[in-house]
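Colleague: This one is final19.txt, compact mmCIF, C-alpha atoms and all ligand atoms.
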```
# COMPACT_ATOMS: atom_id res chain seq x y z
CA MET A 1 7.87 48.89 -140.78
CA THR A 2 8.31 48.43 -137.05
CA ALA A 3 10.28 45.24 -136.29
CA THR A 4 13.88 45.08 -137.42
CA LEU A 5 15.10 42.52 -139.84
CA THR A 6 18.88 42.08 -140.04
CA VAL A 7 20.14 41.81 -143.59
CA ALA A 8 23.80 41.10 -144.20
CA ALA A 9 26.21 41.07 -147.11
CA LEU A 10 28.92 38.44 -147.17
CA THR A 11 32.40 38.66 -148.65
CA GLU A 12 32.45 36.92 -152.05
CA ARG A 13 35.12 34.23 -151.88
CA GLY A 14 34.94 32.87 -155.44
CA HIS A 15 38.08 32.98 -157.59
CA GLY A 16 38.51 36.46 -159.06
CA GLU A 17 35.17 37.64 -157.65
CA ARG A 18 35.36 41.27 -156.56
CA ARG A 19 31.69 42.22 -156.43
CA VAL A 20 29.68 42.71 -153.25
CA ALA A 21 25.93 42.36 -152.74
CA LEU A 22 25.37 45.70 -150.96
CA VAL A 23 26.98 49.11 -151.55
CA PRO A 24 26.85 52.09 -149.17
CA ASP A 25 24.14 53.93 -151.16
CA THR A 26 21.80 50.96 -150.91
CA VAL A 27 22.61 50.56 -147.22
CA THR A 28 21.40 54.13 -146.64
CA ARG A 29 18.09 53.27 -148.30
CA LEU A 30 17.67 49.99 -146.44
CA VAL A 31 18.43 51.61 -143.08
CA ALA A 32 15.90 54.35 -143.87
CA GLY A 33 13.42 51.57 -144.67
CA GLY A 34 13.83 50.10 -141.18
CA PHE A 35 16.36 47.30 -141.82
CA ASP A 36 19.40 46.62 -139.67
CA VAL A 37 22.34 46.14 -142.02
CA LEU A 38 25.42 44.08 -141.28
CA ILE A 39 28.43 43.83 -143.60
CA GLU A 40 31.16 41.23 -143.26
CA ALA A 41 34.30 43.28 -142.58
CA GLY A 42 36.16 43.95 -145.83
CA ALA A 43 33.32 42.61 -148.03
CA GLY A 44 33.32 45.73 -150.22
CA SER A 45 37.06 46.25 -150.51
CA GLY A 46 37.43 44.40 -153.85
CA ALA A 47 34.85 46.78 -155.32
CA PHE A 48 36.45 49.85 -153.68
CA TYR A 49 33.76 50.29 -151.01
CA PRO A 50 35.69 50.59 -147.71
CA ASP A 51 34.14 49.53 -144.40
CA ASP A 52 33.96 53.11 -143.11
CA GLU A 53 31.61 54.09 -145.96
CA TYR A 54 29.22 51.31 -144.97
CA VAL A 55 29.40 52.45 -141.34
CA ALA A 56 28.74 56.05 -142.39
CA ALA A 57 25.69 54.77 -144.28
CA GLY A 58 24.33 53.17 -141.10
CA ALA A 59 25.61 49.59 -141.31
CA LYS A 60 27.68 47.66 -138.78
CA THR A 61 30.64 45.59 -139.90
CA ASP A 62 31.62 42.35 -138.23
CA THR A 63 33.36 39.00 -138.64
CA LEU A 64 31.89 36.20 -140.77
CA GLU A 65 31.07 34.30 -137.61
CA SER A 66 29.03 37.11 -136.09
CA VAL A 67 27.35 37.95 -139.40
CA LEU A 68 26.20 34.34 -139.87
CA ASP A 69 24.97 34.37 -136.30
CA ALA A 70 23.01 37.60 -136.40
CA ALA A 71 21.62 37.81 -139.93
CA ASP A 72 18.04 36.96 -140.79
CA VAL A 73 18.74 37.48 -144.49
CA LEU A 74 22.12 36.82 -146.10
CA LEU A 75 22.82 38.57 -149.38
CA ALA A 76 25.41 37.16 -151.75
CA VAL A 77 26.31 37.74 -155.37
CA ARG A 78 27.29 34.15 -156.17
CA ARG A 79 26.57 30.97 -154.23
CA PRO A 80 28.68 30.95 -151.03
CA GLU A 81 31.23 28.17 -150.46
CA PRO A 82 29.97 24.82 -149.06
CA GLU A 83 31.62 25.52 -145.67
CA ILE A 84 29.49 28.67 -145.34
CA LEU A 85 26.31 27.03 -146.61
CA ALA A 86 26.81 24.26 -144.05
CA ARG A 87 26.61 26.88 -141.30
CA LEU A 88 23.28 28.37 -142.35
CA ARG A 89 20.45 27.60 -139.99
CA PRO A 90 16.80 26.73 -140.60
CA GLY A 91 14.72 29.81 -141.31
CA GLN A 92 17.68 31.93 -142.41
CA VAL A 93 17.11 33.42 -145.85
CA LEU A 94 19.79 33.28 -148.56
CA VAL A 95 19.48 35.58 -151.59
CA GLY A 96 21.79 35.65 -154.60
CA LEU A 97 22.53 34.51 -158.12
CA LEU A 98 22.73 31.01 -156.69
CA ASP A 99 22.88 28.94 -159.88
CA ALA A 100 19.50 27.32 -159.37
CA ARG A 101 19.10 26.03 -162.91
CA GLY A 102 20.27 22.67 -164.23
CA THR A 103 23.07 20.91 -162.38
CA GLY A 104 23.47 23.67 -159.80
CA ARG A 105 20.05 22.91 -158.38
CA ALA A 106 21.00 19.82 -156.33
CA GLY A 107 23.19 21.77 -153.89
CA LEU A 108 20.34 24.20 -153.22
CA ASP A 109 17.84 21.41 -152.70
CA GLU A 110 20.00 20.14 -149.84
CA LEU A 111 19.95 23.57 -148.25
CA VAL A 112 16.19 23.82 -148.65
CA ALA A 113 15.76 20.37 -147.10
CA ARG A 114 17.55 21.72 -144.01
CA GLY A 115 14.98 24.52 -143.76
CA VAL A 116 17.06 27.38 -145.20
CA VAL A 117 14.89 29.72 -147.28
CA VAL A 118 16.54 30.11 -150.68
CA LEU A 119 15.71 32.91 -153.12
CA SER A 120 17.69 32.70 -156.35
CA LEU A 121 17.71 35.71 -158.63
CA ASP A 122 18.65 33.63 -161.67
CA LEU A 123 15.07 32.28 -161.60
CA LEU A 124 13.46 35.72 -161.86
CA PRO A 125 10.91 36.12 -164.69
CA ARG A 126 12.72 38.46 -167.10
CA THR A 127 9.83 39.98 -168.97
CA LEU A 128 7.56 40.81 -166.03
CA PRO A 129 7.56 44.63 -165.79
CA ARG A 130 7.42 44.58 -161.96
CA ALA A 131 10.54 42.39 -161.83
CA GLN A 132 12.74 44.67 -163.90
CA THR A 133 14.28 46.52 -160.95
CA MET A 134 15.21 43.12 -159.46
CA ASP A 135 16.66 41.71 -162.68
CA ALA A 136 20.22 40.93 -161.64
CA LEU A 137 20.82 38.71 -164.67
CA SER A 138 20.17 41.73 -166.89
CA SER A 139 22.17 44.21 -164.82
CA GLN A 140 25.18 41.92 -164.80
CA ALA A 141 24.78 40.90 -168.46
CA SER A 142 24.72 44.57 -169.33
CA VAL A 143 28.07 45.09 -167.57
CA ALA A 144 29.45 42.00 -169.33
CA GLY A 145 28.37 43.25 -172.75
CA TYR A 146 29.89 46.68 -172.20
CA ARG A 147 33.09 45.15 -170.91
CA ALA A 148 33.31 42.68 -173.84
CA ALA A 149 33.46 45.55 -176.33
CA VAL A 150 36.13 47.29 -174.25
CA VAL A 151 38.17 44.07 -173.96
CA ALA A 152 37.92 43.58 -177.75
CA ALA A 153 39.05 47.15 -178.40
CA GLU A 154 42.00 46.71 -176.06
CA ALA A 155 43.12 43.50 -177.80
CA PHE A 156 42.63 44.87 -181.33
CA ALA A 157 45.81 46.18 -182.93
CA ARG A 158 44.05 48.94 -184.90
CA TYR A 159 41.58 51.77 -184.22
CA PHE A 160 37.85 51.13 -183.69
CA PRO A 161 36.74 54.48 -185.21
CA MET A 162 37.59 55.91 -188.59
CA MET A 163 40.60 58.23 -188.08
CA ILE A 164 41.61 60.90 -190.52
CA THR A 165 45.03 62.17 -189.58
CA ALA A 166 48.07 63.73 -191.25
CA ALA A 167 49.57 60.24 -191.13
CA GLY A 168 46.74 58.83 -193.21
CA THR A 169 43.21 57.53 -192.84
CA ALA A 170 42.33 54.47 -190.77
CA ARG A 171 39.15 52.64 -191.74
CA PRO A 172 36.72 51.82 -188.92
CA ALA A 173 36.83 48.36 -187.39
CA LYS A 174 34.06 45.99 -188.45
CA VAL A 175 32.45 44.38 -185.41
CA LEU A 176 29.99 41.49 -185.43
CA VAL A 177 28.02 40.68 -182.27
CA LEU A 178 26.45 37.20 -182.21
CA GLY A 179 23.47 36.96 -179.85
CA ALA A 180 21.46 40.12 -179.29
CA GLY A 181 20.08 39.63 -175.78
CA VAL A 182 20.95 42.01 -172.96
CA ALA A 183 24.74 41.53 -173.18
CA GLY A 184 24.79 41.54 -176.97
CA LEU A 185 22.78 44.76 -177.26
CA GLN A 186 25.08 46.44 -174.74
CA ALA A 187 28.16 45.23 -176.68
CA ILE A 188 26.62 46.60 -179.88
CA GLY A 189 25.92 49.98 -178.27
CA THR A 190 29.40 50.20 -176.77
CA ALA A 191 31.21 49.23 -179.98
CA ARG A 192 29.11 51.83 -181.82
CA ARG A 193 30.07 54.49 -179.26
CA LEU A 194 33.72 53.55 -179.81
CA GLY A 195 33.19 54.31 -183.49
CA ALA A 196 33.18 50.84 -185.05
CA GLN A 197 30.91 49.69 -187.88
CA VAL A 198 28.67 47.24 -186.06
CA THR A 199 26.51 44.33 -187.17
CA GLY A 200 24.33 42.27 -184.84
CA TYR A 201 22.93 38.79 -185.25
CA ASP A 202 20.50 36.64 -183.32
CA VAL A 203 18.64 33.47 -184.13
CA ARG A 204 15.49 35.16 -182.77
CA GLU A 205 14.07 37.20 -185.61
CA ALA A 206 12.50 39.47 -182.95
CA ALA A 207 15.97 40.83 -182.16
CA ARG A 208 16.30 42.45 -185.61
CA GLU A 209 14.46 45.65 -184.69
CA GLU A 210 16.35 46.01 -181.40
CA VAL A 211 19.69 45.71 -183.21
CA LYS A 212 18.63 48.24 -185.83
CA SER A 213 17.35 50.66 -183.21
CA LEU A 214 20.94 50.91 -181.94
CA GLY A 215 22.12 52.00 -185.37
CA ALA A 216 23.74 48.66 -186.21
CA SER A 217 23.06 46.44 -189.22
CA PHE A 218 21.37 43.07 -188.80
CA LEU A 219 22.94 39.97 -190.28
CA ALA A 220 20.29 37.67 -191.72
CA THR A 221 20.57 33.89 -192.00
CA THR A 222 17.97 31.35 -193.06
CA VAL A 223 17.86 29.90 -189.51
CA ASN A 224 15.33 31.78 -187.40
CA VAL A 225 13.33 30.70 -184.38
CA ALA A 226 10.44 32.32 -182.58
CA SER A 227 11.05 33.66 -179.07
CA GLU A 228 9.89 31.43 -176.22
CA GLY A 229 9.37 33.84 -173.32
CA GLY A 230 12.06 36.04 -174.87
CA TYR A 231 14.58 33.19 -175.05
CA ALA A 232 15.82 31.18 -178.00
CA ARG A 233 15.43 27.39 -178.02
CA ALA A 234 18.32 25.05 -178.74
CA LEU A 235 18.66 24.41 -182.49
CA THR A 236 18.28 20.98 -184.10
CA PRO A 237 21.50 19.45 -185.52
CA ASP A 238 20.42 20.40 -189.07
CA GLU A 239 19.64 23.98 -188.09
CA ARG A 240 22.94 24.21 -186.24
CA ALA A 241 24.93 22.98 -189.23
CA ALA A 242 23.15 25.41 -191.58
CA GLN A 243 23.69 28.30 -189.19
CA GLN A 244 27.39 27.53 -188.70
CA ALA A 245 27.97 27.29 -192.46
CA GLU A 246 26.19 30.59 -193.20
CA LEU A 247 27.87 32.44 -190.36
CA SER A 248 31.28 31.04 -191.24
CA ALA A 249 31.09 32.42 -194.77
CA LYS A 250 30.09 35.87 -193.49
CA MET A 251 32.38 36.11 -190.47
CA ARG A 252 35.55 36.46 -192.55
CA ALA A 253 34.55 40.02 -193.42
CA PHE A 254 34.77 41.12 -189.74
CA ASP A 255 37.74 42.28 -187.66
CA ILE A 256 36.07 41.62 -184.31
CA VAL A 257 33.50 39.01 -183.32
CA ILE A 258 31.85 39.16 -179.89
CA THR A 259 29.70 36.14 -179.03
CA THR A 260 26.97 36.25 -176.36
CA ALA A 261 24.58 33.44 -177.38
CA GLN A 262 22.99 31.44 -174.57
CA VAL A 263 20.13 28.97 -174.26
CA PRO A 264 18.73 28.67 -170.70
CA GLY A 265 19.69 25.43 -169.01
CA ALA A 266 21.69 24.18 -172.01
CA ARG A 267 25.29 24.36 -173.21
CA PRO A 268 25.95 27.55 -175.19
CA PRO A 269 25.73 26.88 -178.96
CA VAL A 270 28.99 26.79 -180.93
CA LEU A 271 28.76 29.66 -183.41
CA VAL A 272 32.43 30.06 -184.34
CA THR A 273 34.03 26.77 -185.37
CA ALA A 274 37.75 26.01 -185.67
CA GLU A 275 37.36 26.22 -189.49
CA THR A 276 35.79 29.67 -189.20
CA LEU A 277 38.68 30.85 -187.01
CA ALA A 278 41.14 29.44 -189.57
CA GLY A 279 39.44 31.53 -192.27
CA MET A 280 39.64 34.85 -190.40
CA ALA A 281 42.31 37.46 -191.15
CA PRO A 282 45.41 37.79 -188.95
CA GLY A 283 44.83 40.42 -186.26
CA SER A 284 41.13 39.58 -185.89
CA VAL A 285 39.82 39.36 -182.32
CA VAL A 286 37.10 37.03 -181.05
CA VAL A 287 35.66 37.54 -177.54
CA ASP A 288 33.56 34.64 -176.22
CA LEU A 289 31.23 35.74 -173.44
CA GLY A 290 29.86 32.23 -173.12
CA ALA A 291 33.27 30.61 -172.48
CA SER A 292 33.00 28.06 -169.71
CA SER A 293 34.56 24.78 -168.67
CA LEU A 294 31.72 23.10 -170.61
CA GLY A 295 32.57 25.01 -173.78
CA GLY A 296 31.35 28.31 -175.17
CA ASN A 297 30.28 29.89 -178.46
CA VAL A 298 33.79 29.60 -179.90
CA ASP A 299 35.65 26.34 -180.54
CA GLY A 300 38.63 26.08 -178.19
CA SER A 301 37.99 29.21 -176.10
CA VAL A 302 39.09 28.92 -172.47
CA PRO A 303 37.63 31.14 -169.70
CA ASP A 304 40.04 33.88 -168.61
CA GLU A 305 42.55 32.95 -171.30
CA ARG A 306 43.78 34.64 -174.45
CA ILE A 307 44.83 32.27 -177.20
CA VAL A 308 46.39 33.37 -180.49
CA THR A 309 45.69 30.87 -183.28
CA ALA A 310 48.29 29.80 -185.84
CA ASN A 311 46.77 32.26 -188.33
CA GLY A 312 46.96 35.18 -185.88
CA VAL A 313 43.40 35.38 -184.52
CA THR A 314 43.19 36.33 -180.83
CA VAL A 315 40.49 34.29 -179.05
CA ILE A 316 39.55 35.66 -175.63
CA GLY A 317 37.53 33.49 -173.25
CA ALA A 318 35.70 36.14 -171.27
CA GLY A 319 35.39 34.60 -167.80
CA ASN A 320 33.62 36.68 -165.17
CA LEU A 321 33.46 40.11 -166.84
CA PRO A 322 31.13 41.78 -164.28
CA ALA A 323 33.76 41.01 -161.59
CA GLN A 324 36.25 43.01 -163.66
CA MET A 325 34.07 46.10 -163.24
CA PRO A 326 33.12 45.48 -159.61
CA THR A 327 32.15 48.98 -158.49
CA GLY A 328 29.53 49.52 -161.18
CA ALA A 329 28.40 45.91 -161.25
CA SER A 330 27.94 45.84 -157.44
CA ALA A 331 26.00 49.13 -157.41
CA ALA A 332 23.51 47.73 -159.93
CA TYR A 333 23.32 44.35 -158.20
CA ALA A 334 22.70 45.96 -154.81
CA ARG A 335 19.74 47.88 -156.26
CA ASN A 336 18.37 44.59 -157.62
CA VAL A 337 18.54 42.79 -154.26
CA ALA A 338 17.16 45.81 -152.41
CA ALA A 339 14.17 45.81 -154.78
CA LEU A 340 13.61 42.10 -154.12
CA LEU A 341 13.81 42.66 -150.35
CA THR A 342 11.25 45.41 -150.55
CA ALA A 343 8.94 43.03 -152.39
CA VAL A 344 9.22 40.16 -149.88
CA VAL A 345 9.41 41.96 -146.53
CA ARG A 346 6.29 43.10 -144.70
CA ASP A 347 6.11 44.37 -141.14
CA GLY A 348 9.70 43.47 -140.42
CA ALA A 349 9.43 39.87 -141.59
CA VAL A 350 10.12 37.97 -144.77
CA ASP A 351 6.64 37.08 -145.93
CA LEU A 352 6.73 34.77 -148.93
CA ASP A 353 3.48 34.66 -150.85
CA PRO A 354 3.63 31.85 -153.41
CA THR A 355 0.77 33.41 -155.37
CA ASP A 356 3.06 36.34 -156.16
CA GLU A 357 4.68 35.64 -159.56
CA VAL A 358 8.08 36.95 -158.51
CA VAL A 359 8.16 35.01 -155.23
CA ASP A 360 6.88 31.86 -156.90
CA ALA A 361 9.69 32.04 -159.46
CA VAL A 362 12.70 32.85 -157.25
CA TRP A 363 11.79 30.75 -154.21
CA VAL A 364 13.62 27.42 -154.40
CA ARG A 365 11.32 24.87 -152.88
CA PRO A 366 11.58 21.10 -152.50
CA ALA A 367 10.91 19.26 -155.75
CA VAL A 368 8.22 17.26 -153.93
CA ALA A 369 6.26 18.28 -150.89
CA PRO A 370 5.85 15.09 -148.83
CA SER A 371 3.39 15.12 -145.97
CA THR A 372 6.36 14.73 -143.60
CA GLU A 373 7.69 18.13 -144.68
CA VAL A 374 8.62 20.30 -141.72
CA ALA A 375 6.03 23.04 -141.36
CA PRO A 376 7.55 26.47 -141.89
CA ALA A 377 6.53 27.52 -138.39
CA ASP A 378 8.79 24.80 -136.95
CA VAL A 379 11.86 25.93 -138.81
CA ALA A 380 11.43 29.67 -139.13
CA PRO A 381 12.59 32.24 -136.62
CA ALA A 382 10.17 35.03 -135.77
CA ALA A 383 11.56 37.13 -138.60
CA VAL A 384 10.61 34.66 -141.30
CA VAL A 385 7.03 33.92 -142.14
CA ALA A 386 6.78 31.54 -145.04
CA ALA A 387 3.21 31.16 -146.21
CA ALA A 388 1.88 27.94 -144.71
CA ASP A 389 -0.03 26.95 -147.82
CA ALA A 390 3.12 27.07 -149.95
CA ALA A 391 2.46 25.13 -153.11
CA PRO A 392 5.10 22.55 -153.99
CA ASP A 393 7.44 23.53 -156.77
CA THR A 394 6.26 21.39 -159.63
CA ARG A 395 8.50 22.98 -162.24
CA PRO A 396 10.81 20.55 -164.01
CA GLU A 397 14.46 20.93 -163.13
CA GLY A 398 16.13 23.65 -165.15
CA GLU A 399 12.99 25.74 -165.60
P1 LIG A 401 20.53 34.96 -173.07
O1 LIG A 401 21.73 35.40 -172.29
O2 LIG A 401 19.79 33.75 -172.63
O3 LIG A 401 20.97 34.73 -174.60
C1 LIG A 401 21.61 35.75 -175.33
C2 LIG A 401 21.09 35.77 -176.74
O4 LIG A 401 21.58 34.63 -177.44
C3 LIG A 401 19.58 35.73 -176.88
O5 LIG A 401 19.16 36.90 -177.53
C4 LIG A 401 19.34 34.47 -177.69
O6 LIG A 401 18.25 34.62 -178.60
C5 LIG A 401 20.63 34.32 -178.42
N1 LIG A 401 20.87 32.97 -178.98
C6 LIG A 401 20.61 31.78 -178.43
N2 LIG A 401 20.97 30.79 -179.27
C7 LIG A 401 21.49 31.37 -180.38
C8 LIG A 401 22.04 30.88 -181.58
N3 LIG A 401 22.15 29.58 -181.85
N4 LIG A 401 22.47 31.79 -182.48
C9 LIG A 401 22.37 33.11 -182.24
N5 LIG A 401 21.86 33.64 -181.12
C10 LIG A 401 21.42 32.77 -180.19
O7 LIG A 401 19.52 36.15 -173.25
P2 LIG A 401 19.24 37.36 -172.26
O8 LIG A 401 20.16 38.45 -172.55
O9 LIG A 401 19.21 36.80 -170.89
O10 LIG A 401 17.82 37.82 -172.72
C11 LIG A 401 16.79 36.84 -172.84
C12 LIG A 401 15.56 37.48 -173.37
O11 LIG A 401 14.93 38.17 -172.34
C13 LIG A 401 15.79 38.45 -174.50
O12 LIG A 401 14.74 38.32 -175.39
C14 LIG A 401 15.72 39.78 -173.82
O13 LIG A 401 15.36 40.82 -174.69
C15 LIG A 401 14.64 39.47 -172.82
N6 LIG A 401 14.68 40.36 -171.70
C16 LIG A 401 13.59 41.18 -171.53
C17 LIG A 401 13.58 42.04 -170.49
C18 LIG A 401 12.40 42.91 -170.28
O14 LIG A 401 11.43 42.78 -170.98
N7 LIG A 401 12.44 43.77 -169.34
C19 LIG A 401 14.64 42.11 -169.59
C20 LIG A 401 15.72 41.25 -169.79
C21 LIG A 401 15.72 40.38 -170.85
```
With the file now loaded, output its structure as structure tokens.
Ligand code: NAD
Modeller:
Amino acid sequence: MTATLTVAALTERGHGERRVALVPDTVTRLVAGGFDVLIEAGAGSGAFYPDDEYVAAGAKTDTLESVLDAADVLLAVRRPEPEILARLRPGQVLVGLLDARGTGRAGLDELVARGVVVLSLDLLPRTLPRAQTMDALSSQASVAGYRAAVVAAEAFARYFPMMITAAGTARPAKVLVLGAGVAGLQAIGTARRLGAQVTGYDVREAAREEVKSLGASFLATTVNVASEGGYARALTPDERAAQQAELSAKMRAFDIVITTAQVPGARPPVLVTAETLAGMAPGSVVVDLGASSLGGNVDGSVPDERIVTANGVTVIGAGNLPAQMPTGASAAYARNVAALLTAVVRDGAVDLDPTDEVVDAVWVRPAVAPSTEVAPADVAPAAVVAAADAAPDTRPEGE
């Protein structure tokens, strides 16, 4: 590569967010690959990456103002605040987990209409082998799953492993993980390593073998759906009622329940009802990874809050678990964005080829392509070459 493209990492300003989009190791690789790297001063401090390590790796650090001015490509973990988005200029490229599905899409469409080039990693095709190194949803879900098991162990008032001591024998904790995607499988593996007796469950029958390959048991119910591109579909009301009743009866036997069930673009399914919680033994712990302001997998869970029910069950709304392990989560995320950059930069310019499956998926384009659309050449600086024959994005919202 000959020309220099300036890529920059911004400070994450979201509540409780401590991750950063680039870490010094990745900076070294990007600089060696011919990029100029700019870091907003202090951007890595929440994840324990001081400015001087970035500088030693070949980056420059500067104020937000100067970074926004100089960067061709801005790297973020989460969507930057509206005040920052408002300052992006046509042709500048924004990369991140930008919440491009469902209701989050509208804000990005505005940005795109102003000529900002938006690449959102939450749109990446998950099962495409070439995309695996860029799969930030998986790298962060993996951190969340690991962390969920650790959080559960910390809140549990007994041992996870079987303990044989002079003071008696403690039986191992019984852990049930609901949802065996990336986070769920990591929670299963971590709880197993902590010595618990672990059972996994997923509505996708295909998850059974993956759960068993980790040495856990699989909980069977009569409600099973086929995978659609690896994802589960939302259940019908009848299926949901049957699933809740079957799970409720079985859940009482467990000390710990970790829930990780998600359906893309939809509210997480409720798997643990208030009645189920009321039937669990005092001292049980439930960690809800799906907890959100819209509701999660557990009735009444609140993000970032620990509630103890009247019958002594601790319900933990997980909140942003990757941000609680910011050094490791940022290192993995930075490798994901660096892999994406490598795939979209040629000869010192961002060169977006809509016939490339990865580009086609992550590139947020206008929902319609009217003939009055500004041609990329009119809005892009020299560093950005968006393919002129860009096909309109005809995907329905939320895809
Ligand atoms: P996700 O976060 O969307 O959902 C988590 C899990 O919840 C899924 O396994 C889903 O089946 C399950 N679920 C949904 N509704 C449920 C319900 N009512 N009851 C019980 N479980 C329910 O999933 P994810 O972790 O993002 O993974 C999505 C898929 O992509 C998985 O199949 C995963 O194996 C696959 N994947 C593949 C690759 C790869 O091939 N390289 C990489 C990443 C993910």
Colleague: Can you list every residue of chain A that has an atom at most 6 Å from ligand LIG 401 (chain A), with its nearest atom pair and the distance in Å to one decimal, using all atoms listed in the file, ordered by chain then number, as CSV?
Modeller:
```
residue,atom,partner,partner_atom,distance
A:Arg126,CA,A:LIG401,C19,4.8
A:Thr127,CA,A:LIG401,O14,3.8
A:Gln132,CA,A:LIG401,N7,5.5
A:Ser138,CA,A:LIG401,C20,5.3
A:Leu178,CA,A:LIG401,C9,5.8
A:Gly179,CA,A:LIG401,O4,3.8
A:Ala180,CA,A:LIG401,O5,4.3
A:Gly181,CA,A:LIG401,O5,3.4
A:Val182,CA,A:LIG401,O8,3.7
A:Ala183,CA,A:LIG401,O8,5.6
A:Asp202,CA,A:LIG401,N5,4.0
A:Val203,CA,A:LIG401,C9,4.2
A:Arg204,CA,A:LIG401,O6,5.0
A:Gly230,CA,A:LIG401,O12,3.6
A:Tyr231,CA,A:LIG401,C12,4.7
A:Ala232,CA,A:LIG401,O6,4.3
A:Thr260,CA,A:LIG401,C1,5.5
A:Ala261,CA,A:LIG401,O4,3.2
A:Gln262,CA,A:LIG401,O3,3.9
A:Val263,CA,A:LIG401,C6,5.1
A:Pro264,CA,A:LIG401,O2,5.5
A:Pro269,CA,A:LIG401,N3,5.3
```
Colleague: Just checking: using only C-alpha atoms, which residue out of A:Arg208, A:Arg240, A:Arg365, A:Arg192 ends up closest to Val223 in chain A?
Modeller: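 Once distances to Val223 in chain A are computed over only C-alpha atoms, the minimum belongs to A:Arg240.
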Colleague: CA of Pro237 in chain A and CA of Ser217 in chain A, how far apart in Å?
Modeller: 27.3 Å
Colleague: Closest to Glu81 in chain A among A:Glu12, A:Glu246, A:Asp356, A:Glu305, using all atoms listed in the file?
Modeller: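 Under the stated criterion, the closest residue is A:Glu12.
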Colleague: Quote the spacing between CA of Ala343 in chain A and CA of Ala141 in chain A in Å to one decimal place.
Modeller: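 Calculated distance between CA of Ala343 in chain A and CA of Ala141 in chain A is 22.7 Å.
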Colleague: Env of range 251-254 of chain A: 6 Å cut, atoms = only C-alpha atoms, seq-sep filter 6 positions within chain, self excluded. Answer as a list in words.
Modeller: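 In the requested format, the answer is Lys174, Val175 and Met280 of chain A.
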Colleague: Using only C-alpha atoms, find the one residue out of A:Asp25, A:Glu228, A:Asp299, A:Asp238 that sits nearest to Thr259 in chain A.
Modeller: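 Closest residue, counting only C-alpha atoms: A:Asp299.
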Colleague: Fewer than 2 positions away in the same chain doesn't count, so skip those; otherwise give me all residues within 9 Å of Asp109 in chain A, counting all atoms listed in the file, as a list in words.
Modeller: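 That gives Arg105, Ala106, Gly107, Leu111, Val112, Ala113, Arg114, Val364, Arg365, Pro366 and Ala367 of chain A.
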Colleague: With C-alpha atoms retained, write the just-selected residues as a PDB file, in the coordinates of the input.
Modeller:
```
ATOM      1  CA  ARG A 105      20.050  22.910-158.380  1.00  0.00           C
ATOM      2  CA  ALA A 106      21.000  19.820-156.330  1.00  0.00           C
ATOM      3  CA  GLY A 107      23.190  21.770-153.890  1.00  0.00           C
ATOM      4  CA  LEU A 111      19.950  23.570-148.250  1.00  0.00           C
ATOM      5  CA  VAL A 112      16.190  23.820-148.650  1.00  0.00           C
ATOM      6  CA  ALA A 113      15.760  20.370-147.100  1.00  0.00           C
ATOM      7  CA  ARG A 114      17.550  21.720-144.010  1.00  0.00           C
ATOM      8  CA  VAL A 364      13.620  27.420-154.400  1.00  0.00           C
ATOM      9  CA  ARG A 365      11.320  24.870-152.880  1.00  0.00           C
ATOM     10  CA  PRO A 366      11.580  21.100-152.500  1.00  0.00           C
ATOM     11  CA  ALA A 367      10.910  19.260-155.750  1.00  0.00           C
TER      12      ALA A 367
END
```
Colleague: For Leu176 in chain A, which residue out of A:Leu123, A:Ala149, A:Leu271, A:Ile258 is the nearest one, using only C-alpha atoms?
Modeller: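 Of A:Leu123, A:Ala149, A:Leu271, A:Ile258, the one nearest Leu176 in chain A, counting only C-alpha atoms, is A:Ile258.
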Colleague: Record the distance separating CA of Ala216 in chain A and CA of Gln197 in chain A, expressed in Å with one decimal.
Modeller: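 Interatomic distance, CA of Ala216 in chain A to CA of Gln197 in chain A: 7.4 Å.
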Colleague: List every protein, DNA or RNA residue that has at least one atom no more than 8 Å from (33.4, 49.7, -156.0) in the file's coordinates, counting all atoms listed in the file, and write the result as number ranges by chain.
Modeller: A: 19, 23, 44-49, 326-328, 330-331
Colleague: Considering only C-alpha atoms, state which residue in the set A:Ser227, A:Gln324, A:Asn297, A:Thr4 is at the smallest distance from Val177 in chain A.
Modeller: A:Asn297
Colleague: Using all atoms listed in the file, can you tell me which of A:Ala32, A:Arg18, A:Val345, A:Val298 comes closest to Asp72 in chain A?
Modeller: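 Closest to Asp72 in chain A of all the choices is A:Val345.
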Colleague: Neighbouring residues of Val31 in chain A were defined as those with any atom within 12 Å, considering only C-alpha atoms; residues of the same chain fewer than 3 positions away were excluded. Please report them as a ChimeraX atom specification.
Modeller: /A:1,4-8,24-28,34-38,54-60,338
Colleague: Quick one: everything within 12 Å of Ala170 in chain A, counting only C-alpha atoms, minus sequence neighbours fewer than 4 positions away in the same chain. Send it as a ChimeraX atom specification.
Modeller: /A:157-166,195-196
Colleague: With a distance cut-off of 6 Å and all atoms listed in the file, select the neighbouring residues of Gly317 in chain A, excluding the residue or stretch itself and same-chain residues fewer than 6 positions from it, and output the selection as a list of chain:residue names.
Modeller: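 Contacts, in chain order: A:Asp288, A:Ala291, A:Ser301, A:Val302, A:Pro303, A:Asp304, A:Glu305.
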